[in-house]
Amino acid sequence: MKVCILMLFMAAPLFGQIISNRSITGTVTNLSGDGIPGVKVCSCSYCCRLTDANGKYEINGGVVSSPYFRSLRFSHLEYNAVIKPASNDKIDVVLQKTAKESDNRRVIPHCSENDNLLGWEYKVKVNAGFSSESKDQYIGIWKPGYGGNNEKLELVRRFNYVSGIPEIYMWPFLEEPNAIIYNKDITYELQRTDEQGTSIDSPIDVKAQADGRYWRFIADTFNYISYSNVSEEMAQGFDDILDALCVVPMGIDVTGIVTNASGDPVSGVKICDASYNCRLTDENGRYEMALTPKTIIRFSHPLYNAVMKIMPNSLTNTINVTMQKTTSESDNKSIIPRCSENDNLLGWEYKVKTPSNDFTKLEDGWKTALTMQGSRSKDEYLVLRNGIGASSGGMPTPSEWPFWEEQNAILYNRDIEYINQGKHENGIPFSSAINIKAQSDGKFWRFVGDASNVIEYSDVSEETANEFDKILETLCAAPQR
């Protein structure tokens, strides 16, 4: 088998954007043909569904134009995980019982203080005889004199998009019998989870072989560590390094109580930081979660006005919040339509109608900026951005919104909803998209979107804010997941 891994890898950012919105359906059964409930089906590390009581599922698989298909991963605590190319609208899968938990789960330790560790959330130590190079969000590790420069262990921290699952343009042998050596979920203490306790990033560790060559892929939404198409000798050397893999949890334990204006606890409050990390308060209004200093924390509930707080830049372990009852559902919810076919729309997952000639449009890759002609300030822009990392985890950036503690600074703070919104297996939307407007000292700010798709303006005059708001009244959703 001849595999042009380098060429396909370089093509990944391009083809990763050619996404169709077709749903994939199917049934997951065991060897006896019985449907398996509770199987986690993921098209990316945070785009998942659970099979129902009969083992059936439906998911937007992010099917990519042939032959660059995305993949689906099927996992369950009691069964060996399976990865399939998302190449059809119907994919049925048979899972085999696992012999023991270690067959499909890898528990990794927290990193200790060690200056010789390389990486970001996931780190490794370079063993003797290996060399390394670092550049921006990339680290390469290799053994001089072996395999040239093509056989490398690569650590990548990517903000634009990491699917978190091996894709067929990188692993073209997924359908070959016995290609996958193992396929494990990664777990660790203080792992980020959603409010139902389900791992958000679903980090995995997969190893494969084909025609005497070896592949390995360790990844979540923002990080991956991998080697591709290497010899058995180099695979063993890289595996020795990866045996010492450790994790740096992104936060410290924080607890608190959410109450109403009367001091009574509020249960079911959704608490999220700027990285999809969420919890629900219990019947006593209490919560506990790991948070990163200086991150923004958002408290929301259907019956209460949302509240946002900044995690102090210190080891503060308690954050209590008081929430006010909302007067109507529209106070804390923005329901927007699905986009229709219109060539004059601007944006990606969230779009607006192209404004009149009174605006100047500036485009730069996955960023578009609009400014009014004749604006009194050259710095007054309505900015549209796309790609994971388009915002600080789906929240406004604290440095650009420095007035959080000011009374009445936030004009409104709403959740965005739309028909057929992509959701996790527990029914919670993937992105927790929000619509926030604020004012301070006669200037205005607005933030619409999630972690990977944002439309916003900052520090603009009231006149400019009104004009930008007219554009945002045409907001619609064109989801890609």
# chains A, B, ... in the order shown; residues from 1 in each chain; ligands from 1

$ residues_around --residues "Ile434 in chain A" --least-positions-apart "5" --cutoff "7 Å" --atoms "only C-alpha atoms" --output "PyMOL selection string"
chain A and resi 414-416+448-450

$ residues_around --residues "Gly129 in chain A" --least-positions-apart "5" --cutoff "9 Å" --atoms "only C-alpha atoms" --output "ChimeraX atom specification"
/A:142-144

$ write_last_selection --atoms "C-alpha atoms" --output "CSV table (one decimal), in the first residue's frame"
chain,number,residue,atom,x,y,z
A,142,TRP,CA,13.0,12.4,16.0
A,143,LYS,CA,16.0,10.1,16.3
A,144,PRO,CA,19.0,11.3,14.2

$ residues_around --residues "His110 in chain A" --least-positions-apart "5" --cutoff "10 Å" --atoms "only C-alpha atoms" --output "MDAnalysis selection string"
chainID A and resid 121:123 188:190 245:249

$ residues_around --residues "Asn150 in chain A" --least-positions-apart "4" --cutoff "9 Å" --atoms "only C-alpha atoms" --output "PyMOL selection string"
chain A and resi 6+142+228-230

$ write_last_selection --atoms "C-alpha atoms" --output "PDB file, in the first residue's frame"
ATOM      1  CA  LEU A   6       2.706  14.145   3.763  1.00  0.00           C
ATOM      2  CA  TRP A 142      12.982  12.367  15.964  1.00  0.00           C
ATOM      3  CA  SER A 228       2.424   8.424  10.786  1.00  0.00           C
ATOM      4  CA  ASN A 229       3.774   5.761   8.457  1.00  0.00           C
ATOM      5  CA  VAL A 230       6.894   4.940  10.506  1.00  0.00           C
TER       6      VAL A 230
END

$ residues_around --residues "range 233-236 of chain A" --least-positions-apart "2" --cutoff "8 Å" --atoms "only C-alpha atoms" --output "list in words"
Tyr146, Glu151, Tyr214, Trp215, Tyr227, Val230, Ser231, Phe238, Asp239 and Asp240 of chain A

$ select_by_dssp --residues "range 151-277 of chain A" --states "strand (DSSP E)" --output "PyMOL selection string"
chain A and resi 153-157+180-187+204-210+213-219+223-230+246-247+252-260+270-272

$ write_last_selection --atoms "C-alpha atoms" --output "CSV table (one decimal), in the first residue's frame"
chain,number,residue,atom,x,y,z
A,153,LEU,CA,6.6,12.2,16.7
A,154,GLU,CA,4.7,15.5,16.3
A,155,LEU,CA,2.9,17.5,19.0
A,156,VAL,CA,0.6,20.2,17.7
A,157,ARG,CA,-1.6,22.7,19.5
A,180,ILE,CA,-6.3,-1.0,14.6
A,181,ILE,CA,-4.0,-2.4,17.4
A,182,TYR,CA,-5.9,-0.5,20.1
A,183,ASN,CA,-8.4,2.3,20.5
A,184,LYS,CA,-8.6,3.8,24.0
A,185,ASP,CA,-10.3,6.7,25.8
A,186,ILE,CA,-8.0,8.8,27.9
A,187,THR,CA,-9.1,9.8,31.4
A,204,ILE,CA,-8.3,9.2,22.7
A,205,ASP,CA,-5.2,7.1,22.1
A,206,VAL,CA,-5.3,5.0,18.9
A,207,LYS,CA,-2.6,2.9,17.4
A,208,ALA,CA,-2.6,1.1,14.0
A,209,GLN,CA,-0.5,-0.8,11.6
A,210,ALA,CA,-0.7,-1.5,7.9
A,213,ARG,CA,4.2,0.5,9.0
A,214,TYR,CA,2.8,2.1,12.1
A,215,TRP,CA,0.5,5.1,13.0
A,216,ARG,CA,-0.5,6.5,16.4
A,217,PHE,CA,-2.9,9.3,17.3
A,218,ILE,CA,-3.4,10.9,20.7
A,219,ALA,CA,-5.8,13.9,20.5
A,223,ASN,CA,-4.1,19.1,20.9
A,224,TYR,CA,-2.8,16.1,19.0
A,225,ILE,CA,0.3,14.0,19.3
A,226,SER,CA,0.9,11.6,16.5
A,227,TYR,CA,3.3,9.7,14.3
A,228,SER,CA,2.4,8.4,10.8
A,229,ASN,CA,3.8,5.8,8.5
A,230,VAL,CA,6.9,4.9,10.5
A,246,CYS,CA,1.1,13.2,31.4
A,247,VAL,CA,-1.5,16.0,31.5
A,252,ILE,CA,-8.0,24.6,40.0
A,253,ASP,CA,-11.0,23.3,42.0
A,254,VAL,CA,-13.6,26.0,42.7
A,255,THR,CA,-16.8,25.6,44.6
A,256,GLY,CA,-19.8,28.0,45.2
A,257,ILE,CA,-23.5,28.4,45.7
A,258,VAL,CA,-26.0,30.1,43.4
A,259,THR,CA,-28.9,31.8,45.1
A,260,ASN,CA,-31.9,34.0,44.0
A,270,LYS,CA,-25.6,26.0,34.0
A,271,ILE,CA,-22.1,27.2,34.8
A,272,CYS,CA,-19.6,27.3,31.9

$ select_by_dssp --residues "range 221-372 of chain A" --states "alpha helix (DSSP H)" --output "list in words"
Glu232, Glu233, Met234, Ala235, Gln236, Gly237, Phe238, Asp239, Asp240, Ile241 and Leu242 of chain A

$ write_last_selection --atoms "C-alpha atoms" --output "PDB file, in the first residue's frame"
ATOM      1  CA  GLU A 232       8.338  -0.702  13.697  1.00  0.00           C
ATOM      2  CA  GLU A 233      11.658   0.328  15.278  1.00  0.00           C
ATOM      3  CA  MET A 234      10.744   4.020  15.303  1.00  0.00           C
ATOM      4  CA  ALA A 235       7.223   3.263  16.489  1.00  0.00           C
ATOM      5  CA  GLN A 236       8.702   1.454  19.493  1.00  0.00           C
ATOM      6  CA  GLY A 237      10.994   4.392  20.264  1.00  0.00           C
ATOM      7  CA  PHE A 238       8.141   6.867  20.064  1.00  0.00           C
ATOM      8  CA  ASP A 239       5.903   4.588  22.143  1.00  0.00           C
ATOM      9  CA  ASP A 240       8.552   4.551  24.891  1.00  0.00           C
ATOM     10  CA  ILE A 241       8.267   8.354  24.984  1.00  0.00           C
ATOM     11  CA  LEU A 242       4.471   8.224  24.970  1.00  0.00           C
TER      12      LEU A 242
END

$ residues_around --residues "Asp243 in chain A" --least-positions-apart "5" --cutoff "10 Å" --atoms "only C-alpha atoms" --output "PyMOL selection string"
chain A and resi 108+124-125+238

$ residues_around --residues "Thr51 in chain A" --least-positions-apart "4" --cutoff "12 Å" --atoms "only C-alpha atoms" --output "list of chain:residue names"
A:Thr25, A:Gly26, A:Thr27, A:Val28, A:Thr29, A:Gly35, A:Ile36, A:Pro37, A:Gly38, A:Val39, A:Lys40, A:Val41, A:Cys42, A:Gly55, A:Lys56, A:Tyr57, A:Glu58, A:Ile59, A:Phe74, A:Ser75, A:His76, A:Asp92, A:Val93, A:His424, A:Glu425, A:Asn426

$ closest_residue --among "A:Met372, A:Ala261, A:Ile335, A:Leu117" --to "Asn435 in chain A" --atoms "only C-alpha atoms"
A:Ile335

$ closest_residue --among "A:Ser458, A:Asn116, A:Asn342, A:Thr221" --to "Pro203 in chain A" --atoms "only C-alpha atoms"
A:Thr221
